file run_5.txt (compact mmCIF, C-alpha atoms)
# COMPACT_ATOMS: atom_id res chain seq x y z
CA MET A 149 -9.86 15.61 -3.96
CA THR A 150 -6.51 14.37 -2.72
CA LEU A 151 -5.97 13.32 0.89
CA LEU A 152 -2.86 14.40 2.80
CA TYR A 153 -1.82 12.34 5.82
CA THR A 154 0.77 13.57 8.30
CA HIS A 155 1.34 13.65 12.06
CA PRO A 156 3.38 15.77 14.51
CA SER A 157 5.41 12.69 15.47
CA GLY A 158 7.20 13.04 12.13
CA HIS A 159 9.04 15.96 13.75
CA SER A 160 9.92 13.91 16.83
CA HIS A 161 12.22 11.45 15.05
CA VAL A 162 15.41 13.40 15.69
CA THR A 163 18.61 12.30 13.98
CA PRO A 164 22.16 13.37 14.91
CA PRO A 165 23.42 16.77 13.73
CA SER A 166 24.26 16.93 9.99
CA HIS A 167 22.38 13.70 9.29
CA PRO A 168 20.72 14.02 5.86
CA GLU A 169 17.41 12.46 6.99
CA GLN A 170 16.46 15.37 9.23
CA VAL A 171 13.34 16.97 10.68
CA ALA A 172 13.70 19.84 8.20
CA ARG A 173 12.79 17.46 5.36
CA LEU A 174 9.23 17.19 6.61
CA ASP A 175 9.06 20.96 7.07
CA ALA A 176 10.20 21.42 3.47
CA VAL A 177 7.51 19.10 2.12
CA LEU A 178 4.66 20.44 4.25
CA GLY A 179 5.72 24.01 3.53
CA ALA A 180 5.63 23.33 -0.20
CA LEU A 181 2.10 21.94 0.12
CA GLU A 182 0.81 24.78 2.30
CA GLY A 183 -2.34 26.39 0.94
CA LEU A 184 -3.23 23.63 -1.51
CA ASP A 185 -6.78 22.30 -1.56
CA LEU A 186 -5.91 19.00 0.09
CA VAL A 187 -8.03 17.15 2.64
CA ARG A 188 -5.71 16.97 5.61
CA ARG A 189 -5.93 14.03 7.99
CA GLU A 190 -3.85 12.91 10.96
CA ALA A 191 -1.84 9.76 10.36
CA PRO A 192 -2.85 7.25 13.07
CA GLU A 193 -0.46 4.91 14.82
CA ALA A 194 -0.26 1.60 12.98
CA ALA A 195 -1.89 -1.43 14.50
CA GLU A 196 0.53 -4.09 15.72
CA ALA A 197 -1.19 -6.67 13.50
CA ASP A 198 -0.39 -4.63 10.39
CA ILE A 199 3.29 -4.27 11.26
CA LEU A 200 3.54 -7.99 12.01
CA ARG A 201 2.49 -8.79 8.44
CA ALA A 202 5.96 -7.62 7.40
CA HIS A 203 8.18 -7.78 10.50
CA PRO A 204 8.46 -10.71 12.95
CA PRO A 205 7.66 -10.09 16.64
CA GLU A 206 11.31 -10.46 17.62
CA TYR A 207 12.24 -7.60 15.29
CA LEU A 208 9.73 -5.27 16.94
CA SER A 209 10.76 -6.32 20.44
CA GLY A 210 14.38 -5.68 19.48
CA LEU A 211 13.52 -2.14 18.37
CA ARG A 212 11.77 -1.50 21.66
CA ARG A 213 14.77 -2.75 23.64
CA LYS A 214 17.14 -0.55 21.65
CA SER A 215 15.00 2.59 21.85
CA PRO A 216 16.96 5.05 24.04
CA ALA A 217 15.62 7.15 26.89
CA GLU A 218 17.76 10.00 25.59
CA GLY A 219 20.24 10.61 22.79
CA TRP A 220 20.54 8.06 20.02
CA ALA A 221 20.84 4.33 19.52
CA MET A 222 22.60 3.30 16.31
CA LEU A 223 20.86 0.52 14.34
CA ASP A 224 23.41 0.65 11.54
CA SER A 225 25.92 3.23 10.30
CA ASP A 226 23.12 5.36 8.80
CA THR A 227 20.07 4.56 10.91
CA TYR A 228 19.34 5.87 14.40
CA LEU A 229 16.66 5.66 17.03
CA SER A 230 15.95 8.67 19.23
CA PRO A 231 13.44 8.38 22.10
CA ASP A 232 10.43 9.09 19.86
CA SER A 233 11.61 7.46 16.64
CA LEU A 234 9.63 4.26 16.97
CA ALA A 235 6.40 6.21 17.53
CA ALA A 236 7.13 8.29 14.43
CA ALA A 237 7.77 5.15 12.39
CA ARG A 238 4.50 3.63 13.59
CA HIS A 239 2.59 6.76 12.58
CA ALA A 240 4.34 6.71 9.20
CA VAL A 241 3.09 3.14 8.69
CA GLY A 242 -0.33 4.04 10.06
CA GLY A 243 -0.62 6.94 7.65
CA VAL A 244 -0.08 4.75 4.61
CA CYS A 245 -2.47 2.10 5.94
CA ALA A 246 -5.15 4.70 6.71
CA ALA A 247 -4.72 6.19 3.24
CA VAL A 248 -5.20 2.73 1.73
CA ASP A 249 -8.36 2.23 3.78
CA ALA A 250 -9.72 5.61 2.67
CA VAL A 251 -9.12 5.27 -1.06
CA LEU A 252 -10.43 1.70 -1.13
CA ALA A 253 -13.56 2.94 0.64
CA GLY A 254 -14.03 5.45 -2.18
CA GLU A 255 -13.41 8.51 0.02
CA ALA A 256 -10.90 9.92 -2.49
CA PRO A 257 -9.15 8.74 -5.65
CA ASN A 258 -5.67 9.27 -4.23
CA ALA A 259 -3.64 10.27 -1.19
CA PHE A 260 -0.16 11.47 -0.26
CA VAL A 261 1.47 10.54 3.05
CA ALA A 262 4.00 13.12 4.23
CA MET A 263 5.78 11.39 7.09
CA ARG A 264 9.21 10.34 8.21
CA PRO A 265 11.23 8.22 8.79
CA PRO A 266 11.06 6.69 5.32
CA GLY A 267 10.54 2.95 4.97
CA HIS A 268 11.62 1.34 1.73
CA HIS A 269 15.06 0.14 2.94
CA ALA A 270 13.70 -1.60 6.06
CA GLU A 271 13.88 -5.35 5.50
CA ARG A 272 11.88 -7.91 7.48
CA MET A 273 14.61 -8.28 10.10
CA LYS A 274 16.87 -5.29 9.48
CA ALA A 275 16.60 -1.51 9.84
CA MET A 276 18.87 0.27 7.39
CA GLY A 277 19.22 3.25 5.10
CA PHE A 278 17.41 5.68 7.46
CA CYS A 279 14.40 3.27 7.53
CA ILE A 280 12.91 1.47 10.54
CA LEU A 281 9.60 -0.07 9.39
CA SER A 282 8.72 -1.04 5.82
CA SER A 283 5.76 1.34 5.52
CA VAL A 284 4.64 0.87 1.92
CA ALA A 285 5.12 -2.89 1.93
CA ILE A 286 3.06 -3.13 5.14
CA ALA A 287 0.28 -1.11 3.50
CA ALA A 288 0.39 -3.39 0.45
CA LEU A 289 -0.04 -6.44 2.67
CA ARG A 290 -2.93 -4.76 4.49
CA ALA A 291 -4.65 -4.13 1.16
CA LEU A 292 -4.20 -7.77 0.17
CA ASP A 293 -4.97 -9.47 3.49
CA HIS A 294 -7.39 -7.13 5.23
CA HIS A 295 -9.23 -5.78 2.19
CA GLY A 296 -8.99 -8.98 0.16
CA LEU A 297 -7.50 -7.49 -2.99
CA ASP A 298 -6.07 -9.84 -5.60
CA ARG A 299 -3.46 -7.55 -7.18
CA VAL A 300 -1.52 -4.55 -5.88
CA ALA A 301 1.25 -2.65 -7.67
CA VAL A 302 4.07 -1.02 -5.68
CA LEU A 303 6.12 1.49 -7.70
CA ASP A 304 9.34 3.04 -6.42
CA PHE A 305 11.13 5.94 -8.16
CA ASP A 306 13.44 6.80 -5.26
CA VAL A 307 17.05 7.05 -6.46
CA HIS A 308 18.01 4.18 -4.12
CA HIS A 309 16.71 0.67 -4.62
CA GLY A 310 13.85 -0.26 -2.30
CA ASN A 311 15.54 -3.38 -0.98
CA GLY A 312 13.30 -3.51 2.07
CA THR A 313 10.08 -3.42 0.06
CA GLN A 314 11.52 -6.09 -2.22
CA ASP A 315 12.54 -8.26 0.74
CA VAL A 316 9.08 -8.09 2.35
CA LEU A 317 7.21 -8.72 -0.92
CA TRP A 318 9.64 -11.23 -2.49
CA GLU A 319 7.31 -14.20 -1.96
CA GLU A 320 4.07 -12.25 -2.46
CA LYS A 321 2.66 -13.26 -5.84
CA ARG A 322 -0.21 -10.79 -5.51
CA ALA A 323 2.13 -7.76 -5.42
CA LEU A 324 3.99 -6.36 -8.42
CA PHE A 325 7.04 -4.39 -7.28
CA ALA A 326 8.74 -2.17 -9.88
CA SER A 327 11.72 0.07 -9.15
CA THR A 328 14.08 2.40 -10.95
CA HIS A 329 17.26 3.35 -9.10
CA GLN A 330 20.82 4.52 -9.68
CA VAL A 331 23.49 1.83 -9.96
CA PRO A 332 26.12 1.82 -8.59
CA LEU A 333 24.72 3.31 -5.40
CA TYR A 334 23.57 2.30 -1.93
CA PRO A 335 22.33 -0.31 -1.02
CA GLY A 336 23.89 -2.26 -3.90
CA THR A 337 20.79 -4.34 -4.69
CA GLY A 338 18.21 -4.10 -7.47
CA ALA A 339 19.86 -5.92 -10.36
CA PRO A 340 17.60 -6.89 -13.27
CA GLY A 341 18.00 -10.56 -12.32
CA GLU A 342 16.26 -9.96 -8.98
CA CYS A 343 12.78 -10.95 -10.16
CA GLY A 344 10.96 -12.15 -7.05
CA ALA A 345 9.77 -15.65 -6.25
CA HIS A 346 7.03 -15.42 -8.88
CA GLY A 347 8.61 -13.10 -11.45
CA GLN A 348 6.63 -10.21 -10.00
CA VAL A 349 9.63 -7.97 -9.19
CA VAL A 350 10.96 -5.64 -11.91
CA ASN A 351 14.23 -3.78 -11.30
CA VAL A 352 15.60 -1.23 -13.78
CA PRO A 353 19.03 0.16 -12.83
CA LEU A 354 19.90 3.61 -14.21
CA ALA A 355 23.44 4.87 -14.75
CA PRO A 356 24.69 8.02 -12.98
CA GLY A 357 23.97 11.08 -15.09
CA SER A 358 21.50 9.22 -17.31
CA GLY A 359 18.96 12.00 -16.86
CA GLY A 360 15.23 12.46 -16.99
CA ALA A 361 14.63 11.55 -20.63
CA GLN A 362 15.83 8.00 -20.08
CA ALA A 363 13.87 7.77 -16.84
CA ARG A 364 10.67 8.83 -18.59
CA ALA A 365 11.18 6.22 -21.30
CA VAL A 366 11.72 3.50 -18.70
CA TRP A 367 8.68 4.53 -16.70
CA GLN A 368 6.56 4.48 -19.82
CA GLN A 369 7.51 0.81 -20.22
CA LEU A 370 6.96 0.08 -16.53
CA CYS A 371 3.51 1.68 -16.62
CA ALA A 372 2.60 -0.57 -19.55
CA ARG A 373 3.60 -3.48 -17.30
CA VAL A 374 1.38 -2.04 -14.57
CA GLU A 375 -1.59 -1.83 -16.94
CA ALA A 376 -1.06 -5.45 -17.96
CA TRP A 377 -0.99 -6.43 -14.27
CA ARG A 378 -4.42 -4.78 -13.73
CA PRO A 379 -3.84 -3.77 -10.10
CA GLN A 380 -6.74 -2.83 -7.85
CA LEU A 381 -4.49 -0.41 -5.95
CA VAL A 382 -1.27 1.41 -6.83
CA LEU A 383 1.17 2.31 -4.06
CA VAL A 384 4.07 4.69 -4.75
CA SER A 385 7.34 5.03 -2.87
CA ALA A 386 7.92 8.68 -3.75
CA GLY A 387 11.55 9.50 -3.19
CA PHE A 388 12.79 12.75 -4.72
CA ASP A 389 16.53 12.16 -4.36
CA ALA A 390 16.98 11.54 -8.11
CA HIS A 391 16.85 15.34 -8.44
CA ALA A 392 19.94 16.97 -9.95
CA ASP A 393 20.47 19.02 -6.78
CA ASP A 394 20.39 16.08 -4.39
CA PRO A 395 23.72 15.54 -2.58
CA LEU A 396 23.45 11.75 -2.25
CA ALA A 397 23.05 10.67 -5.88
CA ALA A 398 23.56 11.66 -9.51
CA LEU A 399 20.60 10.88 -11.78
CA ALA A 400 20.01 14.55 -12.67
CA TRP A 401 16.21 14.61 -12.81
CA ASP A 402 14.22 17.80 -12.34
CA GLU A 403 10.69 18.72 -11.26
CA ALA A 404 9.36 18.23 -14.79
CA ASP A 405 10.57 14.62 -14.70
CA PHE A 406 8.74 13.94 -11.43
CA THR A 407 5.65 15.53 -12.95
CA ALA A 408 5.85 13.36 -16.06
CA ILE A 409 6.52 10.12 -14.18
CA THR A 410 3.74 10.81 -11.69
CA ARG A 411 1.32 11.48 -14.54
CA MET A 412 2.29 8.19 -16.23
CA ILE A 413 1.66 6.32 -12.98
CA CYS A 414 -1.69 8.02 -12.42
CA ASP A 415 -2.76 7.40 -16.01
CA ALA A 416 -1.87 3.71 -15.72
CA ALA A 417 -3.78 3.47 -12.45
CA ALA A 418 -6.80 5.20 -14.00
CA THR A 419 -6.77 2.73 -16.89
CA CYS A 420 -7.15 -0.01 -14.27
CA SER A 421 -9.66 1.98 -12.17
CA ALA A 422 -7.15 1.70 -9.31
CA PRO A 423 -6.76 4.39 -6.62
CA VAL A 424 -3.27 5.68 -5.82
CA VAL A 425 -1.53 6.09 -2.46
CA SER A 426 1.88 7.76 -2.46
CA ALA A 427 4.27 7.94 0.50
CA LEU A 428 7.33 10.12 1.00
CA GLU A 429 10.67 8.33 0.89
CA GLY A 430 13.98 10.12 0.16
CA GLY A 431 15.07 13.58 -0.96
CA TYR A 432 17.87 15.43 0.81
CA ASP A 433 18.28 18.84 -0.80
CA LEU A 434 15.55 20.72 1.04
CA ALA A 435 14.65 23.19 -1.71
CA ALA A 436 14.61 20.52 -4.42
CA LEU A 437 12.64 18.21 -2.15
CA GLY A 438 9.94 20.81 -1.59
CA ARG A 439 9.62 21.69 -5.27
CA SER A 440 9.58 18.05 -6.35
CA ALA A 441 7.02 16.98 -3.76
CA ARG A 442 4.82 19.89 -4.83
CA ALA A 443 5.13 18.83 -8.49
CA HIS A 444 4.19 15.27 -7.55
CA VAL A 445 1.18 16.28 -5.45
CA ASP A 446 0.01 18.74 -8.10
CA VAL A 447 -0.41 15.80 -10.49
CA LEU A 448 -2.30 13.84 -7.83
CA ARG A 449 -4.60 16.83 -7.39
CA GLU A 450 -5.15 17.22 -11.13
CA THR A 451 -6.02 13.56 -11.60
CA ALA A 452 -8.33 13.62 -8.57
CA ALA A 453 -10.31 16.61 -9.83
call {"tool": "encode", "arguments": {"input": "run_5.txt", "output": "structure tokens"}}
result
Amino acid sequence: MTLLYTHPSGHSHVTPPSHPEQVARLDAVLGALEGLDLVRREAPEAAEADILRAHPPEYLSGLRRKSPAEGWAMLDSDTYLSPDSLAAARHAVGGVCAAVDAVLAGEAPNAFVAMRPPGHHAERMKAMGFCILSSVAIAALRALDHHGLDRVAVLDFDVHHGNGTQDVLWEEKRALFASTHQVPLYPGTGAPGECGAHGQVVNVPLAPGSGGAQARAVWQQLCARVEAWRPQLVLVSAGFDAHADDPLAALAWDEADFTAITRMICDAAATCSAPVVSALEGGYDLAALGRSARAHVDVLRETAA
């Protein structure tokens, strides 16, 4: 069985009109998963101690000070706080952490966390790119520090480089971070020479229009790297904005590509006897987002059967 974590607060993070990271994204994903045989669980609010593994206290206190009583507070040109945004972000983090706890306890072989705001652009001291808290990186650190794992793999196929995840895990020799992403594109990071403090970061830029066939070939190589790493847990930043219909990028993938890449990741994890936790990141064409998330979760379900 596959676990599905979500929470109503994901609908309470309200962005300004016409903003691409909108409440309707979560509706599109949950609607696409409606009726599937998933074990649905409520994403809890993250413990302060978990968040502080990635973000200093002054960063959290700054977010609280900036949180508005009404309307929006701008954190950067793309990233906003509404009155309930910080609660939503904490539940997004809590969902990934709870999913990690559950799969490591043997309750299920994998889980998908359908929450927003996304997290992979949030650096230790900076909210950016629609992201407030670095959800997946926080969950990786919980797995390492709370559960005592020796090796975790964090894999990111969002079309934008996960600069926040990389920033949080840069010095963490127990965490392999591997990312494919379009270059040139926001946020402008993710060059191959960015290798982490211990050579444990792998960045593979992809050219606009390069398409799914090249992506599949790259992910086949990355999954071989994952198998060599022998992780005890695989975390996935599942962004679906590499889809051909997405308005913010131009990699031209389709649902079959997300299916193939997800299957490669799950096969590599199975080779290592590692459970998988996947968390929603980007994806801004609502129809394509729903279809792609469904394709991704279908593979999780198949491999959990």
call {"tool": "residues_near_point", "arguments": {"input": "run_5.txt", "point": "(-3.0, 0.7, 16.0)", "cutoff": "10 Å", "atoms": "only C-alpha atoms", "output": "ChimeraX atom specification"}}
result
/A:192-199,238-239,241-242
call {"tool": "closest_residue", "arguments": {"input": "run_5.txt", "among": "A:Phe260, A:His308, A:Pro205, A:Asp389", "to": "Val447 in chain A", "atoms": "all atoms listed in the file"}}
result
A:Phe260
call {"tool": "axis_aligned_box", "arguments": {"input": "run_5.txt", "around": "range 228-238 of chain A", "padding_each_side": "3 Å", "output": "JSON"}}
result
{"center_x": 11.9, "center_y": 6.4, "center_z": 17.2, "size_x": 20.8, "size_y": 11.5, "size_z": 15.7}
call {"tool": "closest_residue", "arguments": {"input": "run_5.txt", "among": "A:Leu317, A:Ala397, A:Leu223, A:Val251", "to": "His346 in chain A", "atoms": "all atoms listed in the file"}}
result
A:Leu317
call {"tool": "residues_around", "arguments": {"input": "run_5.txt", "residues": "Pro395 in chain A", "least_positions_apart": "4", "cutoff": "12 Å", "atoms": "only C-alpha atoms", "output": "list in words"}}
result
Pro168, Glu169, Val307, Phe388, Asp389, Ala390, His391, Leu399, Ala400, Gly430, Gly431, Tyr432, Asp433, Leu434, Ala435, Ala436 and Leu437 of chain A
call {"tool": "closest_residue", "arguments": {"input": "run_5.txt", "among": "A:Pro266, A:Asp306, A:Gly347, A:Ala392", "to": "Ile409 in chain A", "atoms": "all atoms listed in the file"}}
result
A:Asp306
call {"tool": "closest_residue", "arguments": {"input": "run_5.txt", "among": "A:Arg201, A:Ala221, A:Arg373, A:Arg212", "to": "Val316 in chain A", "atoms": "only C-alpha atoms"}}
result
A:Arg201
call {"tool": "atom_distance", "arguments": {"input": "run_5.txt", "atom1": "CA of Arg272 in chain A", "atom2": "CA of Ala291 in chain A"}}
result
18.1 Å
call {"tool": "closest_residue", "arguments": {"input": "run_5.txt", "among": "A:Arg378, A:His295, A:Arg411, A:Arg173", "to": "Ala253 in chain A", "atoms": "only C-alpha atoms"}}
result
A:His295
call {"tool": "closest_residue", "arguments": {"input": "run_5.txt", "among": "A:Leu252, A:Ala202, A:Val261, A:Cys371", "to": "Leu303 in chain A", "atoms": "all atoms listed in the file"}}
result
A:Cys371
call {"tool": "closest_atom_pairs", "arguments": {"input": "run_5.txt", "of": "range 197-296 of chain A", "to": "range 412-427 of chain A", "cutoff": "12 Å", "atoms": "only C-alpha atoms", "output": "JSON lines"}}
result
{"residue": "A:Ala240", "atom": "CA", "partner": "A:Ala427", "partner_atom": "CA", "distance": 8.8}
{"residue": "A:Val241", "atom": "CA", "partner": "A:Ala427", "partner_atom": "CA", "distance": 9.6}
{"residue": "A:Gly242", "atom": "CA", "partner": "A:Ala427", "partner_atom": "CA", "distance": 11.3}
{"residue": "A:Gly243", "atom": "CA", "partner": "A:Ala427", "partner_atom": "CA", "distance": 8.7}
{"residue": "A:Val244", "atom": "CA", "partner": "A:Ala427", "partner_atom": "CA", "distance": 6.8}
{"residue": "A:Cys245", "atom": "CA", "partner": "A:Val425", "partner_atom": "CA", "distance": 9.3}
{"residue": "A:Ala246", "atom": "CA", "partner": "A:Val425", "partner_atom": "CA", "distance": 10.0}
{"residue": "A:Ala247", "atom": "CA", "partner": "A:Val425", "partner_atom": "CA", "distance": 6.5}
{"residue": "A:Val248", "atom": "CA", "partner": "A:Val425", "partner_atom": "CA", "distance": 6.5}
{"residue": "A:Asp249", "atom": "CA", "partner": "A:Val425", "partner_atom": "CA", "distance": 10.0}
{"residue": "A:Ala250", "atom": "CA", "partner": "A:Val425", "partner_atom": "CA", "distance": 9.7}
{"residue": "A:Val251", "atom": "CA", "partner": "A:Pro423", "partner_atom": "CA", "distance": 6.1}
{"residue": "A:Leu252", "atom": "CA", "partner": "A:Pro423", "partner_atom": "CA", "distance": 7.1}
{"residue": "A:Ala253", "atom": "CA", "partner": "A:Pro423", "partner_atom": "CA", "distance": 10.1}
{"residue": "A:Gly254", "atom": "CA", "partner": "A:Pro423", "partner_atom": "CA", "distance": 8.6}
{"residue": "A:Glu255", "atom": "CA", "partner": "A:Pro423", "partner_atom": "CA", "distance": 10.3}
{"residue": "A:Ala256", "atom": "CA", "partner": "A:Pro423", "partner_atom": "CA", "distance": 8.0}
{"residue": "A:Pro257", "atom": "CA", "partner": "A:Pro423", "partner_atom": "CA", "distance": 5.1}
{"residue": "A:Asn258", "atom": "CA", "partner": "A:Val424", "partner_atom": "CA", "distance": 4.6}
{"residue": "A:Ala259", "atom": "CA", "partner": "A:Val425", "partner_atom": "CA", "distance": 4.9}
{"residue": "A:Phe260", "atom": "CA", "partner": "A:Ser426", "partner_atom": "CA", "distance": 4.8}
{"residue": "A:Val261", "atom": "CA", "partner": "A:Ala427", "partner_atom": "CA", "distance": 4.6}
{"residue": "A:Ala262", "atom": "CA", "partner": "A:Ala427", "partner_atom": "CA", "distance": 6.4}
{"residue": "A:Met263", "atom": "CA", "partner": "A:Ala427", "partner_atom": "CA", "distance": 7.6}
{"residue": "A:Arg264", "atom": "CA", "partner": "A:Ala427", "partner_atom": "CA", "distance": 9.5}
{"residue": "A:Pro265", "atom": "CA", "partner": "A:Ala427", "partner_atom": "CA", "distance": 10.8}
{"residue": "A:Pro266", "atom": "CA", "partner": "A:Ala427", "partner_atom": "CA", "distance": 8.4}
{"residue": "A:Gly267", "atom": "CA", "partner": "A:Ala427", "partner_atom": "CA", "distance": 9.2}
{"residue": "A:His268", "atom": "CA", "partner": "A:Ala427", "partner_atom": "CA", "distance": 10.0}
{"residue": "A:Ser282", "atom": "CA", "partner": "A:Ala427", "partner_atom": "CA", "distance": 11.3}
{"residue": "A:Ser283", "atom": "CA", "partner": "A:Ala427", "partner_atom": "CA", "distance": 8.4}
{"residue": "A:Val284", "atom": "CA", "partner": "A:Ala427", "partner_atom": "CA", "distance": 7.2}
{"residue": "A:Ala285", "atom": "CA", "partner": "A:Ala427", "partner_atom": "CA", "distance": 11.0}
{"residue": "A:Ala287", "atom": "CA", "partner": "A:Val425", "partner_atom": "CA", "distance": 9.5}
{"residue": "A:Ala288", "atom": "CA", "partner": "A:Val425", "partner_atom": "CA", "distance": 10.1}
{"residue": "A:Ala291", "atom": "CA", "partner": "A:Val425", "partner_atom": "CA", "distance": 11.3}
call {"tool": "closest_atom_pairs", "arguments": {"input": "run_5.txt", "of": "range 357-442 of chain A", "to": "range 322-339 of chain A", "cutoff": "8 Å", "atoms": "all atoms listed in the file", "output": "JSON lines"}}
result
{"residue": "A:Ala363", "atom": "CA", "partner": "A:Thr328", "partner_atom": "CA", "distance": 8.0}
{"residue": "A:Leu370", "atom": "CA", "partner": "A:Ala326", "partner_atom": "CA", "distance": 7.2}
{"residue": "A:Val374", "atom": "CA", "partner": "A:Leu324", "partner_atom": "CA", "distance": 8.0}
{"residue": "A:Trp377", "atom": "CA", "partner": "A:Leu324", "partner_atom": "CA", "distance": 7.7}
{"residue": "A:Ala397", "atom": "CA", "partner": "A:Leu333", "partner_atom": "CA", "distance": 7.6}
{"residue": "A:Ala398", "atom": "CA", "partner": "A:Gln330", "partner_atom": "CA", "distance": 7.6}
{"residue": "A:Leu399", "atom": "CA", "partner": "A:Gln330", "partner_atom": "CA", "distance": 6.7}
call {"tool": "residues_around", "arguments": {"input": "run_5.txt", "residues": "range 229-235 of chain A", "least_positions_apart": "3", "cutoff": "7 Å", "atoms": "only C-alpha atoms", "output": "MDAnalysis selection string"}}
result
chainID A and resid 157 160:163 215:222 238:239
call {"tool": "atom_distance", "arguments": {"input": "run_5.txt", "atom1": "CA of Ser358 in chain A", "atom2": "CA of Met276 in chain A"}}
result
26.4 Å
call {"tool": "residues_near_point", "arguments": {"input": "run_5.txt", "point": "(-4.8, -1.4, -7.7)", "cutoff": "6 Å", "atoms": "all atoms listed in the file", "output": "compact mmCIF listing (two decimals) with C-alpha atoms, in the coordinates of the input"}}
result
# COMPACT_ATOMS: atom_id res chain seq x y z
CA VAL A 300 -1.52 -4.55 -5.88
CA PRO A 379 -3.84 -3.77 -10.10
CA GLN A 380 -6.74 -2.83 -7.85
CA LEU A 381 -4.49 -0.41 -5.95
CA VAL A 382 -1.27 1.41 -6.83
CA ALA A 422 -7.15 1.70 -9.31
call {"tool": "atom_distance", "arguments": {"input": "run_5.txt", "atom1": "CA of Glu190 in chain A", "atom2": "CA of Leu289 in chain A"}}
result
21.4 Å
call {"tool": "build_atoms", "arguments": {"input": "run_5.txt", "residues": "range 164-175 of chain A", "atoms": "N, CA and C atoms", "output": "PDB file, in the frame of the given file"}}
result
ATOM      1  N   PRO A 164      20.999  12.587  14.467  1.00  0.00           N
ATOM      2  CA  PRO A 164      22.160  13.370  14.910  1.00  0.00           C
ATOM      3  C   PRO A 164      22.427  14.572  14.008  1.00  0.00           C
ATOM      4  N   PRO A 165      23.108  15.582  14.522  1.00  0.00           N
ATOM      5  CA  PRO A 165      23.420  16.770  13.730  1.00  0.00           C
ATOM      6  C   PRO A 165      24.128  16.409  12.421  1.00  0.00           C
ATOM      7  N   SER A 166      23.734  17.090  11.355  1.00  0.00           N
ATOM      8  CA  SER A 166      24.260  16.930   9.990  1.00  0.00           C
ATOM      9  C   SER A 166      23.780  15.667   9.299  1.00  0.00           C
ATOM     10  N   HIS A 167      22.927  14.884   9.960  1.00  0.00           N
ATOM     11  CA  HIS A 167      22.380  13.700   9.290  1.00  0.00           C
ATOM     12  C   HIS A 167      21.455  14.158   8.170  1.00  0.00           C
ATOM     13  N   PRO A 168      21.550  13.543   6.975  1.00  0.00           N
ATOM     14  CA  PRO A 168      20.720  14.020   5.860  1.00  0.00           C
ATOM     15  C   PRO A 168      19.223  13.782   6.040  1.00  0.00           C
ATOM     16  N   GLU A 169      18.831  12.731   6.781  1.00  0.00           N
ATOM     17  CA  GLU A 169      17.410  12.460   6.990  1.00  0.00           C
ATOM     18  C   GLU A 169      16.998  13.185   8.270  1.00  0.00           C
ATOM     19  N   GLN A 170      16.643  14.459   8.108  1.00  0.00           N
ATOM     20  CA  GLN A 170      16.460  15.370   9.230  1.00  0.00           C
ATOM     21  C   GLN A 170      15.022  15.879   9.304  1.00  0.00           C
ATOM     22  N   VAL A 171      14.683  16.422  10.465  1.00  0.00           N
ATOM     23  CA  VAL A 171      13.340  16.970  10.680  1.00  0.00           C
ATOM     24  C   VAL A 171      12.986  17.995   9.614  1.00  0.00           C
ATOM     25  N   ALA A 172      13.952  18.784   9.179  1.00  0.00           N
ATOM     26  CA  ALA A 172      13.700  19.840   8.200  1.00  0.00           C
ATOM     27  C   ALA A 172      13.148  19.306   6.881  1.00  0.00           C
ATOM     28  N   ARG A 173      13.358  18.028   6.596  1.00  0.00           N
ATOM     29  CA  ARG A 173      12.790  17.460   5.360  1.00  0.00           C
ATOM     30  C   ARG A 173      11.266  17.516   5.387  1.00  0.00           C
ATOM     31  N   LEU A 174      10.683  17.162   6.507  1.00  0.00           N
ATOM     32  CA  LEU A 174       9.230  17.190   6.610  1.00  0.00           C
ATOM     33  C   LEU A 174       8.714  18.626   6.545  1.00  0.00           C
ATOM     34  N   ASP A 175       9.432  19.550   7.167  1.00  0.00           N
ATOM     35  CA  ASP A 175       9.060  20.960   7.070  1.00  0.00           C
ATOM     36  C   ASP A 175       9.079  21.430   5.617  1.00  0.00           C
TER      37      ASP A 175
END
